[in-house]
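Heads up, input_12.csv below (CSV, N, CA and C atoms):
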```
chain,number,residue,atom,x,y,z
A,5,MET,N,35.0,-49.0,-13.7
A,5,MET,CA,33.7,-49.2,-14.3
A,5,MET,C,33.1,-50.5,-14.0
A,6,GLN,N,33.9,-51.6,-13.8
A,6,GLN,CA,33.4,-52.9,-13.5
A,6,GLN,C,32.7,-52.9,-12.1
A,7,THR,N,33.3,-52.2,-11.2
A,7,THR,CA,32.8,-52.1,-9.8
A,7,THR,C,31.4,-51.4,-9.9
A,8,ALA,N,31.3,-50.3,-10.6
A,8,ALA,CA,30.0,-49.6,-10.7
A,8,ALA,C,28.9,-50.5,-11.3
A,9,LEU,N,29.3,-51.2,-12.4
A,9,LEU,CA,28.3,-52.1,-13.0
A,9,LEU,C,27.9,-53.2,-12.0
A,10,ASN,N,28.8,-53.7,-11.2
A,10,ASN,CA,28.5,-54.8,-10.3
A,10,ASN,C,27.5,-54.2,-9.2
A,11,ILE,N,27.8,-53.0,-8.7
A,11,ILE,CA,26.9,-52.4,-7.7
A,11,ILE,C,25.5,-52.2,-8.3
A,12,ILE,N,25.5,-51.7,-9.6
A,12,ILE,CA,24.2,-51.4,-10.2
A,12,ILE,C,23.4,-52.7,-10.4
A,13,GLN,N,24.1,-53.8,-10.7
A,13,GLN,CA,23.5,-55.1,-10.9
A,13,GLN,C,22.9,-55.7,-9.6
A,14,ILE,N,23.7,-55.5,-8.5
A,14,ILE,CA,23.2,-55.9,-7.2
A,14,ILE,C,21.9,-55.2,-6.8
A,15,VAL,N,21.9,-53.8,-7.0
A,15,VAL,CA,20.8,-53.0,-6.7
A,15,VAL,C,19.5,-53.4,-7.5
A,16,LEU,N,19.8,-53.6,-8.8
A,16,LEU,CA,18.7,-54.0,-9.7
A,16,LEU,C,18.1,-55.4,-9.3
A,17,SER,N,19.0,-56.3,-8.9
A,17,SER,CA,18.6,-57.6,-8.5
A,17,SER,C,17.7,-57.6,-7.3
A,18,VAL,N,18.1,-56.8,-6.3
A,18,VAL,CA,17.2,-56.6,-5.1
A,18,VAL,C,15.9,-56.0,-5.4
A,19,ILE,N,15.9,-55.0,-6.3
A,19,ILE,CA,14.6,-54.4,-6.7
A,19,ILE,C,13.7,-55.4,-7.4
A,20,LEU,N,14.4,-56.2,-8.3
A,20,LEU,CA,13.6,-57.2,-9.1
A,20,LEU,C,13.0,-58.3,-8.2
A,21,ILE,N,13.8,-58.7,-7.2
A,21,ILE,CA,13.3,-59.7,-6.3
A,21,ILE,C,12.1,-59.2,-5.5
A,22,LEU,N,12.2,-58.0,-5.0
A,22,LEU,CA,11.1,-57.4,-4.3
A,22,LEU,C,9.8,-57.2,-5.2
A,23,ALA,N,10.0,-56.8,-6.4
A,23,ALA,CA,8.9,-56.6,-7.3
A,23,ALA,C,8.2,-57.9,-7.6
A,24,VAL,N,9.0,-59.0,-7.8
A,24,VAL,CA,8.4,-60.3,-8.1
A,24,VAL,C,7.6,-60.8,-6.8
A,25,LEU,N,8.2,-60.6,-5.7
A,25,LEU,CA,7.6,-61.1,-4.4
A,25,LEU,C,6.3,-60.4,-4.1
A,26,LEU,N,6.3,-59.1,-4.4
A,26,LEU,CA,5.1,-58.3,-4.1
A,26,LEU,C,3.9,-58.7,-5.0
A,27,GLN,N,4.1,-59.4,-6.1
A,27,GLN,CA,3.0,-59.8,-7.0
A,27,GLN,C,2.5,-61.1,-6.5
A,28,VAL,N,1.3,-61.1,-6.1
A,28,VAL,CA,0.6,-62.3,-5.6
A,28,VAL,C,-0.1,-63.0,-6.8
A,29,LYS,N,0.2,-64.3,-7.0
A,29,LYS,CA,-0.3,-65.0,-8.2
A,29,LYS,C,-1.8,-65.2,-8.0
A,30,GLY,N,-2.6,-64.8,-8.9
A,30,GLY,CA,-4.1,-65.1,-8.9
A,30,GLY,C,-4.9,-64.2,-8.0
A,31,GLY,N,-4.3,-63.6,-7.0
A,31,GLY,CA,-5.1,-62.9,-6.0
A,31,GLY,C,-5.0,-61.4,-6.1
A,32,GLY,N,-4.0,-60.9,-6.8
A,32,GLY,CA,-3.8,-59.5,-6.9
A,32,GLY,C,-3.4,-58.9,-5.5
A,33,ILE,N,-3.5,-57.7,-5.3
A,33,ILE,CA,-3.0,-57.1,-4.1
A,33,ILE,C,-3.9,-57.5,-2.9
A,34,GLY,N,-5.2,-57.7,-3.2
A,34,GLY,CA,-6.1,-58.2,-2.1
A,34,GLY,C,-5.8,-59.5,-1.6
A,35,GLY,N,-5.1,-60.3,-2.4
A,35,GLY,CA,-4.7,-61.7,-2.0
A,35,GLY,C,-3.7,-61.7,-0.8
A,36,ILE,N,-3.0,-60.6,-0.6
A,36,ILE,CA,-2.1,-60.5,0.5
A,36,ILE,C,-2.9,-60.5,1.8
A,37,PHE,N,-4.0,-59.9,1.8
A,37,PHE,CA,-4.8,-59.8,3.0
A,37,PHE,C,-5.9,-60.9,3.2
A,38,GLY,N,-5.8,-61.9,2.3
A,38,GLY,CA,-6.7,-63.1,2.5
A,38,GLY,C,-8.0,-63.0,1.6
A,39,GLN,N,-8.1,-62.0,0.8
A,39,GLN,CA,-9.3,-61.8,0.0
A,39,GLN,C,-9.3,-62.9,-1.2
A,40,ALA,N,-10.3,-63.6,-1.3
A,40,ALA,CA,-10.4,-64.6,-2.4
A,40,ALA,C,-10.8,-63.9,-3.7
A,41,ASP,N,-10.1,-64.2,-4.7
A,41,ASP,CA,-10.4,-63.5,-6.0
A,41,ASP,C,-10.2,-64.6,-7.1
A,42,LYS,N,-11.3,-65.2,-7.5
A,42,LYS,CA,-11.3,-66.2,-8.6
A,42,LYS,C,-11.7,-65.7,-9.9
A,43,VAL,N,-12.0,-64.5,-10.0
A,43,VAL,CA,-12.5,-63.9,-11.3
A,43,VAL,C,-11.4,-63.3,-12.0
A,44,TYR,N,-11.3,-63.5,-13.4
A,44,TYR,CA,-10.3,-62.9,-14.2
A,44,TYR,C,-10.6,-61.4,-14.3
A,45,ARG,N,-9.6,-60.6,-14.2
A,45,ARG,CA,-9.8,-59.1,-14.3
A,45,ARG,C,-8.5,-58.5,-14.8
A,46,THR,N,-8.6,-57.3,-15.2
A,46,THR,CA,-7.4,-56.6,-15.7
A,46,THR,C,-6.7,-56.0,-14.5
A,47,LYS,N,-5.4,-55.8,-14.7
A,47,LYS,CA,-4.6,-55.1,-13.7
A,47,LYS,C,-4.9,-53.6,-13.7
A,48,ARG,N,-5.0,-53.1,-12.5
A,48,ARG,CA,-5.2,-51.6,-12.4
A,48,ARG,C,-4.4,-51.1,-11.3
A,49,GLY,N,-4.2,-49.8,-11.4
A,49,GLY,CA,-3.5,-49.1,-10.3
A,49,GLY,C,-2.2,-49.6,-9.9
A,50,ILE,N,-2.0,-49.9,-8.7
A,50,ILE,CA,-0.7,-50.4,-8.2
A,50,ILE,C,-0.2,-51.7,-8.8
A,51,GLU,N,-1.2,-52.6,-9.1
A,51,GLU,CA,-0.8,-53.9,-9.7
A,51,GLU,C,-0.2,-53.6,-11.1
A,52,LYS,N,-0.8,-52.8,-11.9
A,52,LYS,CA,-0.4,-52.5,-13.2
A,52,LYS,C,1.0,-51.8,-13.2
A,53,GLY,N,1.1,-50.9,-12.3
A,53,GLY,CA,2.4,-50.2,-12.1
A,53,GLY,C,3.5,-51.2,-11.7
A,54,LEU,N,3.2,-52.0,-10.7
A,54,LEU,CA,4.2,-53.0,-10.3
A,54,LEU,C,4.6,-54.0,-11.4
A,55,PHE,N,3.6,-54.4,-12.2
A,55,PHE,CA,3.8,-55.2,-13.4
A,55,PHE,C,4.8,-54.6,-14.3
A,56,TRP,N,4.6,-53.3,-14.7
A,56,TRP,CA,5.5,-52.6,-15.6
A,56,TRP,C,6.9,-52.4,-15.0
A,57,VAL,N,6.9,-52.1,-13.7
A,57,VAL,CA,8.2,-51.9,-13.0
A,57,VAL,C,9.0,-53.2,-13.1
A,58,THR,N,8.3,-54.3,-12.9
A,58,THR,CA,9.0,-55.6,-13.0
A,58,THR,C,9.6,-55.8,-14.3
A,59,ILE,N,8.9,-55.5,-15.4
A,59,ILE,CA,9.4,-55.7,-16.7
A,59,ILE,C,10.5,-54.8,-17.0
A,60,ILE,N,10.4,-53.6,-16.6
A,60,ILE,CA,11.5,-52.6,-16.9
A,60,ILE,C,12.8,-52.9,-16.1
A,61,VAL,N,12.6,-53.3,-14.9
A,61,VAL,CA,13.8,-53.6,-14.1
A,61,VAL,C,14.5,-54.9,-14.6
A,62,ALA,N,13.6,-55.9,-15.0
A,62,ALA,CA,14.2,-57.1,-15.6
A,62,ALA,C,15.0,-56.8,-16.9
A,63,ALA,N,14.5,-55.9,-17.7
A,63,ALA,CA,15.2,-55.5,-19.0
A,63,ALA,C,16.5,-54.8,-18.6
A,64,LEU,N,16.4,-53.9,-17.6
A,64,LEU,CA,17.6,-53.2,-17.2
A,64,LEU,C,18.7,-54.1,-16.6
A,65,PHE,N,18.2,-55.1,-15.9
A,65,PHE,CA,19.1,-56.1,-15.3
A,65,PHE,C,19.8,-56.9,-16.4
A,66,VAL,N,19.1,-57.3,-17.5
A,66,VAL,CA,19.8,-58.0,-18.6
A,66,VAL,C,20.8,-57.1,-19.3
A,67,ILE,N,20.4,-55.9,-19.5
A,67,ILE,CA,21.3,-54.9,-20.2
A,67,ILE,C,22.6,-54.7,-19.4
A,68,VAL,N,22.4,-54.5,-18.1
A,68,VAL,CA,23.6,-54.3,-17.2
A,68,VAL,C,24.5,-55.6,-17.2
A,69,ALA,N,23.8,-56.8,-17.2
A,69,ALA,CA,24.5,-58.0,-17.2
A,69,ALA,C,25.4,-58.2,-18.4
A,70,LEU,N,24.8,-57.8,-19.6
A,70,LEU,CA,25.5,-57.9,-20.8
A,70,LEU,C,26.7,-56.9,-20.9
A,71,ALA,N,26.4,-55.7,-20.3
A,71,ALA,CA,27.5,-54.7,-20.2
A,71,ALA,C,28.6,-55.1,-19.3
A,72,THR,N,28.3,-55.8,-18.2
A,72,THR,CA,29.3,-56.3,-17.3
A,72,THR,C,30.2,-57.3,-18.0
A,73,VAL,N,29.5,-58.2,-18.8
A,73,VAL,CA,30.3,-59.2,-19.5
A,73,VAL,C,31.2,-58.6,-20.6
A,74,ALA,N,30.7,-57.6,-21.3
A,74,ALA,CA,31.4,-56.9,-22.3
A,74,ALA,C,32.6,-56.1,-21.7
A,75,ALA,N,32.4,-55.5,-20.5
A,75,ALA,CA,33.4,-54.7,-19.9
A,75,ALA,C,34.5,-55.6,-19.3
A,76,GLY,N,34.2,-56.8,-18.9
A,76,GLY,CA,35.1,-57.7,-18.2
A,76,GLY,C,36.0,-58.4,-19.2
```
What does this structure look like when you write it as structure tokens?
Amino acid sequence: MQTALNIIQIVLSVILILAVLLQVKGGGIGGIFGQADKVYRTKRGIEKGLFWVTIIVAALFVIVALATVAAG
């Protein structure tokens, strides 16, 4: 069980790193391609989905980390 939890935690950590790196601060998805975006706006579409995926994966990471400590 410990090995399975470790593998799950590694996979979640890679997904979490990718999700955080794909979020461009202040520029949104258009900021990746050099688009200037200084106006506040709400997240929509892919940005909103990526935002929620990041939160969910982070929560799962914490839960698996606690389960790993409890199992060990």
*Pick out the residues sitting within 8 Å of Val57 (chain A), and hand them over as an NGL selection string; count all atoms listed in the file, and ignore anything fewer than 6 positions along from it in its own chain.*
:A and (19-20 or 23-24 or 51 or 63)
*Atomic separation - atom C of Ala74 (chain A) relative to CA of Met5 (chain A), Å*: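 We find that CA of Met5 (chain A) and atom C of Ala74 (chain A) lie 10.2 Å from each other.
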*atom C of Thr46 (chain A) and atom N of Ile60 (chain A) are how many Å apart?*
17.4 Å
*For the atom pair atom C of Gly49 (chain A) and CA of Leu22 (chain A), what is the interatomic distance in Å to one decimal place?*
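About the pair atom C of Gly49 (chain A) and CA of Leu22 (chain A): they are 16.4 Å apart.
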